[in-house]
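Peer 1: Would you mind keeping the following structure in view while I ask a few things?
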Amino acid sequence: MSECTHNCETCSQACASRQQPQTDFHEPPHQLSSIKKVIGVVSGKGGVGKSMTSAILAVLLNRRGYKTAVLDADITGPSIPKLFGLHERARADDLGIYPAVTRTGIDVMSVNLLLEHETDPVVWRGPVIAGAVKQFWQEVIWKDVDFLFVDMPPGTGDVPLTVFQTLPVDGIIVVASPQELVSLIVEKAVKMADMMNIPVLGVVENMSYAVCPHCGEKLYVFGESHVDEIAAQHAIPVLAKCPIDPELARQADLGVVESVETTCLDGAADKVESLLG
């Protein structure tokens, strides 16, 4: 037998010390963390209500008795603390970083909770931003969490790739709006998930319609919905069609998203809940 070069990729020998190629790049969370399911909330473009969807799903499942948390991975456009009315800074000690806790007990971690002033911009390059997301997974103590929702930035860049490679994501929810262009955007998100072997739980169409306050007629402000045909093309379910809701927007601006009374995301919450069997 020839001398071992310790390079198994170029060696044909079937020796006992042969190293298998690493295919799982997932990193373990903090040693004190306990997280049952990780759900990514993604979108192909900004401004479609991805953060609102993440927040409301955390609220709905919290109301059902589950411990929920939100990891705000949208580092340059964090909005989760605003939705929950969180303004204090996160604290840390020798053990790790502790997430902020909302009024109803939802854990939240966001870069805004680390900045001296919450209006300070985050002017970082991609690798640094991706590194911050890894820190939120590895250095934050997520205790006894049933569902951790990861609010991701739009697109298929550094952060979504880091999340998919680093976190053991159990499924993603794609948030879209009714415009016909969305078919291309949704397809990109679904294809990226397929490439990373991440299950797509379904699609949430936000701003699907508005309800006339006088006659109750549905007004399709952004045109007729195409979400059913788009979902059918990819064999994924439509989990919700949420209307434009001025009251919901008002409560979000006031930071009281936990007071929201809505049923439009119940189907999405059911889908997520089913992951625990």
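Ordering of the structure tokens sets the chain letters (A, B, ...), residue numbers begin anew at 1 in every chain, and ligands are numbered from 1 in the order given.
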Can you tell me which residues surround A:Thr104 at a distance of at most 12 Å, considering only C-alpha atoms, apart from same-chain residues fewer than 6 positions away, and format the answer as a PyMOL selection string?
Peer 2: chain A and resi 58-63+65-69+84-85+256-259
Peer 1: Would you mind listing what lies within 10 Å of A:Gln179 as a PyMOL selection string, with only C-alpha atoms counted and same-chain residues fewer than 3 positions away left out?
Peer 2: chain A and resi 176+182-183+208+221-227
Peer 1: Got time to write the residues from that selection, C-alpha atoms, as a compact mmCIF listing (two decimals), in the first residue's frame?
Peer 2:
# COMPACT_ATOMS: atom_id res chain seq x y z
CA ALA A 176 -45.49 37.19 -1.66
CA VAL A 182 -44.19 37.59 -8.10
CA SER A 183 -44.28 34.28 -9.99
CA SER A 208 -54.14 40.13 -1.38
CA VAL A 221 -55.72 46.81 -5.39
CA PHE A 222 -52.68 45.11 -6.92
CA GLY A 223 -54.63 43.15 -9.52
CA GLU A 224 -56.11 39.68 -9.46
CA SER A 225 -54.18 37.10 -7.47
CA HIS A 226 -51.97 34.57 -9.24
CA VAL A 227 -50.85 32.78 -6.11
Peer 1: Out of A:Ser79, A:Gln165, A:Asn206, A:Thr262, which residue has the shortest atom-to-atom distance to A:Asp151 when counting only C-alpha atoms?
Peer 2: A:Ser79
Peer 1: Quick one: DSSP strand (DSSP E or B) residues in stretch 9-100 of chain A, as number ranges by chain?
Peer 2: A: 35-42, 68-72, 91-92, 97-98, 100
Peer 1: Would you save the residues from that selection as a short mmCIF file (atom, residue, chain, number, x, y, z; two decimals), in the first residue's frame, using N, CA, C and O atoms?
Peer 2:
data_model
loop_
_atom_site.label_atom_id
_atom_site.label_comp_id
_atom_site.auth_asym_id
_atom_site.auth_seq_id
_atom_site.Cartn_x
_atom_site.Cartn_y
_atom_site.Cartn_z
N ILE A 35 -34.16 24.15 21.11
CA ILE A 35 -35.04 24.62 20.05
C ILE A 35 -35.58 23.41 19.30
O ILE A 35 -34.81 22.61 18.76
N LYS A 36 -36.89 23.28 19.26
CA LYS A 36 -37.48 22.12 18.61
C LYS A 36 -37.60 22.28 17.10
O LYS A 36 -37.24 21.38 16.34
N LYS A 37 -38.12 23.40 16.63
CA LYS A 37 -38.33 23.60 15.21
C LYS A 37 -37.89 25.00 14.79
O LYS A 37 -38.16 25.98 15.49
N VAL A 38 -37.23 25.06 13.63
CA VAL A 38 -36.77 26.33 13.07
C VAL A 38 -37.51 26.57 11.76
O VAL A 38 -37.47 25.73 10.85
N ILE A 39 -38.18 27.72 11.66
CA ILE A 39 -38.98 28.05 10.48
C ILE A 39 -38.43 29.33 9.86
O ILE A 39 -38.38 30.37 10.51
N GLY A 40 -38.01 29.25 8.59
CA GLY A 40 -37.57 30.43 7.89
C GLY A 40 -38.74 31.12 7.20
O GLY A 40 -39.59 30.45 6.60
N VAL A 41 -38.80 32.43 7.29
CA VAL A 41 -39.83 33.21 6.60
C VAL A 41 -39.09 34.06 5.57
O VAL A 41 -38.28 34.92 5.92
N VAL A 42 -39.36 33.79 4.29
CA VAL A 42 -38.56 34.38 3.22
C VAL A 42 -39.45 35.11 2.22
O VAL A 42 -40.66 34.89 2.15
N THR A 68 -42.52 30.52 21.71
CA THR A 68 -42.07 30.95 20.39
C THR A 68 -40.99 32.02 20.52
O THR A 68 -40.85 32.69 21.55
N ALA A 69 -40.23 32.16 19.44
CA ALA A 69 -39.14 33.14 19.41
C ALA A 69 -38.96 33.61 17.97
O ALA A 69 -39.33 32.92 17.03
N VAL A 70 -38.38 34.79 17.83
CA VAL A 70 -38.10 35.35 16.50
C VAL A 70 -36.63 35.78 16.45
O VAL A 70 -36.19 36.59 17.27
N LEU A 71 -35.91 35.22 15.48
CA LEU A 71 -34.54 35.65 15.20
C LEU A 71 -34.61 36.58 14.00
O LEU A 71 -34.95 36.15 12.90
N ASP A 72 -34.31 37.84 14.22
CA ASP A 72 -34.41 38.85 13.15
C ASP A 72 -33.11 38.82 12.35
O ASP A 72 -32.11 39.44 12.72
N ARG A 91 -29.14 41.89 26.85
CA ARG A 91 -28.07 41.78 27.86
C ARG A 91 -27.27 40.51 27.64
O ARG A 91 -27.73 39.56 26.98
N ALA A 92 -26.07 40.50 28.18
CA ALA A 92 -25.18 39.36 28.03
C ALA A 92 -24.35 39.19 29.29
O ALA A 92 -24.18 40.13 30.09
N ILE A 97 -25.53 35.53 25.23
CA ILE A 97 -26.43 36.67 25.02
C ILE A 97 -27.86 36.21 25.27
O ILE A 97 -28.24 35.11 24.88
N TYR A 98 -28.64 37.07 25.93
CA TYR A 98 -30.01 36.72 26.25
C TYR A 98 -30.97 37.54 25.36
O TYR A 98 -30.83 38.76 25.26
N ALA A 100 -34.29 39.56 24.12
CA ALA A 100 -35.30 40.37 24.79
C ALA A 100 -36.60 39.57 24.82
O ALA A 100 -36.83 38.69 23.99
#
Peer 1: Can you tell me how far atom CA of A:Ser110 sits from atom CA of A:Asp93, in Å to one decimal?
Peer 2: 17.3 Å
Peer 1: How many Å lie between atom CA of A:Ala249 and atom CA of A:Lys50, rounded to one decimal?
Peer 2: 13.4 Å
Peer 1: Find the distance between atom CA of A:Thr263 and atom CA of A:Pro246 and write it in Å to one decimal.
Peer 2: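 For atom CA of A:Thr263 relative to atom CA of A:Pro246, the distance reads 15.2 Å.
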Peer 1: Taking the DSSP assignment computed from this structure's backbone, write out as a PyMOL selection string all residues of stretch 78-247 of chain A that belong to alpha helix (DSSP H).
Peer 2: chain A and resi 80-84+126-138+158-166+182-195+227-233+246-247
Peer 1: Determine, counting only C-alpha atoms, which protein, DNA and RNA residues have an atom within 9 Å of an atom of A:Val238; residues of the same chain fewer than 3 positions away are not included. Present the result as an MDAnalysis selection string.
Peer 2: chainID A and resid 202:205 227:228 231:232 241 267:268
Peer 1: Those selected residues, please, written with all heavy atoms and delivered as a PDB file, in the first residue's frame.
Peer 2:
ATOM      1  N   GLY A 202     -45.221  26.328   2.359  1.00  0.00           N
ATOM      2  CA  GLY A 202     -46.301  26.922   1.595  1.00  0.00           C
ATOM      3  C   GLY A 202     -46.064  28.397   1.352  1.00  0.00           C
ATOM      4  O   GLY A 202     -45.020  28.952   1.706  1.00  0.00           O
ATOM      5  N   VAL A 203     -47.066  29.024   0.730  1.00  0.00           N
ATOM      6  CA  VAL A 203     -46.987  30.436   0.361  1.00  0.00           C
ATOM      7  C   VAL A 203     -48.050  31.229   1.115  1.00  0.00           C
ATOM      8  O   VAL A 203     -49.190  30.781   1.255  1.00  0.00           O
ATOM      9  CB  VAL A 203     -47.205  30.623  -1.155  1.00  0.00           C
ATOM     10  CG1 VAL A 203     -47.129  32.100  -1.528  1.00  0.00           C
ATOM     11  CG2 VAL A 203     -46.186  29.835  -1.950  1.00  0.00           C
ATOM     12  N   VAL A 204     -47.660  32.385   1.596  1.00  0.00           N
ATOM     13  CA  VAL A 204     -48.597  33.352   2.177  1.00  0.00           C
ATOM     14  C   VAL A 204     -48.655  34.537   1.236  1.00  0.00           C
ATOM     15  O   VAL A 204     -47.628  35.156   0.933  1.00  0.00           O
ATOM     16  CB  VAL A 204     -48.138  33.811   3.577  1.00  0.00           C
ATOM     17  CG1 VAL A 204     -48.933  35.032   4.029  1.00  0.00           C
ATOM     18  CG2 VAL A 204     -48.276  32.681   4.583  1.00  0.00           C
ATOM     19  N   GLU A 205     -49.853  34.842   0.733  1.00  0.00           N
ATOM     20  CA  GLU A 205     -50.018  36.040  -0.088  1.00  0.00           C
ATOM     21  C   GLU A 205     -50.495  37.173   0.798  1.00  0.00           C
ATOM     22  O   GLU A 205     -51.570  37.102   1.404  1.00  0.00           O
ATOM     23  CB  GLU A 205     -51.021  35.800  -1.212  1.00  0.00           C
ATOM     24  CG  GLU A 205     -51.146  37.008  -2.136  1.00  0.00           C
ATOM     25  CD  GLU A 205     -52.108  36.779  -3.285  1.00  0.00           C
ATOM     26  OE1 GLU A 205     -53.327  36.712  -3.028  1.00  0.00           O
ATOM     27  OE2 GLU A 205     -51.645  36.641  -4.429  1.00  0.00           O
ATOM     28  N   VAL A 227     -51.577  33.636  -7.035  1.00  0.00           N
ATOM     29  CA  VAL A 227     -50.851  32.782  -6.109  1.00  0.00           C
ATOM     30  C   VAL A 227     -51.251  31.308  -6.229  1.00  0.00           C
ATOM     31  O   VAL A 227     -50.425  30.413  -6.061  1.00  0.00           O
ATOM     32  CB  VAL A 227     -51.016  33.285  -4.657  1.00  0.00           C
ATOM     33  CG1 VAL A 227     -52.440  33.062  -4.147  1.00  0.00           C
ATOM     34  CG2 VAL A 227     -49.998  32.634  -3.742  1.00  0.00           C
ATOM     35  N   ASP A 228     -52.527  31.043  -6.542  1.00  0.00           N
ATOM     36  CA  ASP A 228     -52.954  29.645  -6.636  1.00  0.00           C
ATOM     37  C   ASP A 228     -52.246  28.914  -7.772  1.00  0.00           C
ATOM     38  O   ASP A 228     -51.775  27.789  -7.606  1.00  0.00           O
ATOM     39  CB  ASP A 228     -54.476  29.564  -6.815  1.00  0.00           C
ATOM     40  CG  ASP A 228     -55.232  29.982  -5.559  1.00  0.00           C
ATOM     41  OD1 ASP A 228     -54.884  29.477  -4.477  1.00  0.00           O
ATOM     42  OD2 ASP A 228     -56.131  30.815  -5.659  1.00  0.00           O
ATOM     43  N   ALA A 231     -48.507  28.473  -6.882  1.00  0.00           N
ATOM     44  CA  ALA A 231     -48.320  27.399  -5.914  1.00  0.00           C
ATOM     45  C   ALA A 231     -48.521  26.035  -6.561  1.00  0.00           C
ATOM     46  O   ALA A 231     -47.784  25.081  -6.275  1.00  0.00           O
ATOM     47  CB  ALA A 231     -49.283  27.579  -4.743  1.00  0.00           C
ATOM     48  N   ALA A 232     -49.504  25.936  -7.444  1.00  0.00           N
ATOM     49  CA  ALA A 232     -49.758  24.662  -8.119  1.00  0.00           C
ATOM     50  C   ALA A 232     -48.573  24.244  -8.981  1.00  0.00           C
ATOM     51  O   ALA A 232     -48.246  23.051  -9.066  1.00  0.00           O
ATOM     52  CB  ALA A 232     -51.025  24.777  -8.967  1.00  0.00           C
ATOM     53  N   LYS A 241     -54.278  34.050   2.405  1.00  0.00           N
ATOM     54  CA  LYS A 241     -54.425  35.231   1.556  1.00  0.00           C
ATOM     55  C   LYS A 241     -54.877  36.359   2.477  1.00  0.00           C
ATOM     56  O   LYS A 241     -56.045  36.430   2.850  1.00  0.00           O
ATOM     57  CB  LYS A 241     -55.449  34.987   0.449  1.00  0.00           C
ATOM     58  CG  LYS A 241     -55.045  33.933  -0.571  1.00  0.00           C
ATOM     59  CD  LYS A 241     -56.112  33.765  -1.652  1.00  0.00           C
ATOM     60  CE  LYS A 241     -55.719  32.706  -2.662  1.00  0.00           C
ATOM     61  NZ  LYS A 241     -56.753  32.532  -3.725  1.00  0.00           N
ATOM     62  N   GLY A 267     -54.246  29.275   8.982  1.00  0.00           N
ATOM     63  CA  GLY A 267     -53.831  28.112   8.198  1.00  0.00           C
ATOM     64  C   GLY A 267     -52.332  27.919   8.217  1.00  0.00           C
ATOM     65  O   GLY A 267     -51.830  26.785   8.288  1.00  0.00           O
ATOM     66  N   ALA A 268     -51.584  29.029   8.154  1.00  0.00           N
ATOM     67  CA  ALA A 268     -50.125  28.957   8.229  1.00  0.00           C
ATOM     68  C   ALA A 268     -49.689  28.486   9.604  1.00  0.00           C
ATOM     69  O   ALA A 268     -48.751  27.674   9.738  1.00  0.00           O
ATOM     70  CB  ALA A 268     -49.520  30.313   7.895  1.00  0.00           C
TER      71      ALA A 268
END
Peer 1: Which is closer to A:Pro160 than all the others in A:Ala73, A:Ala240, A:Leu254, A:Leu113, using only C-alpha atoms?
Peer 2: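 Looking at the shortest contact to A:Pro160, the residue is A:Ala73.
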Peer 1: Rank nothing, just name the residue among A:Pro81, A:Gly155, A:Pro199, A:Pro121 nearest to A:Val175, using only C-alpha atoms.
Peer 2: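 So, comparing all the options, the nearest one is A:Gly155.
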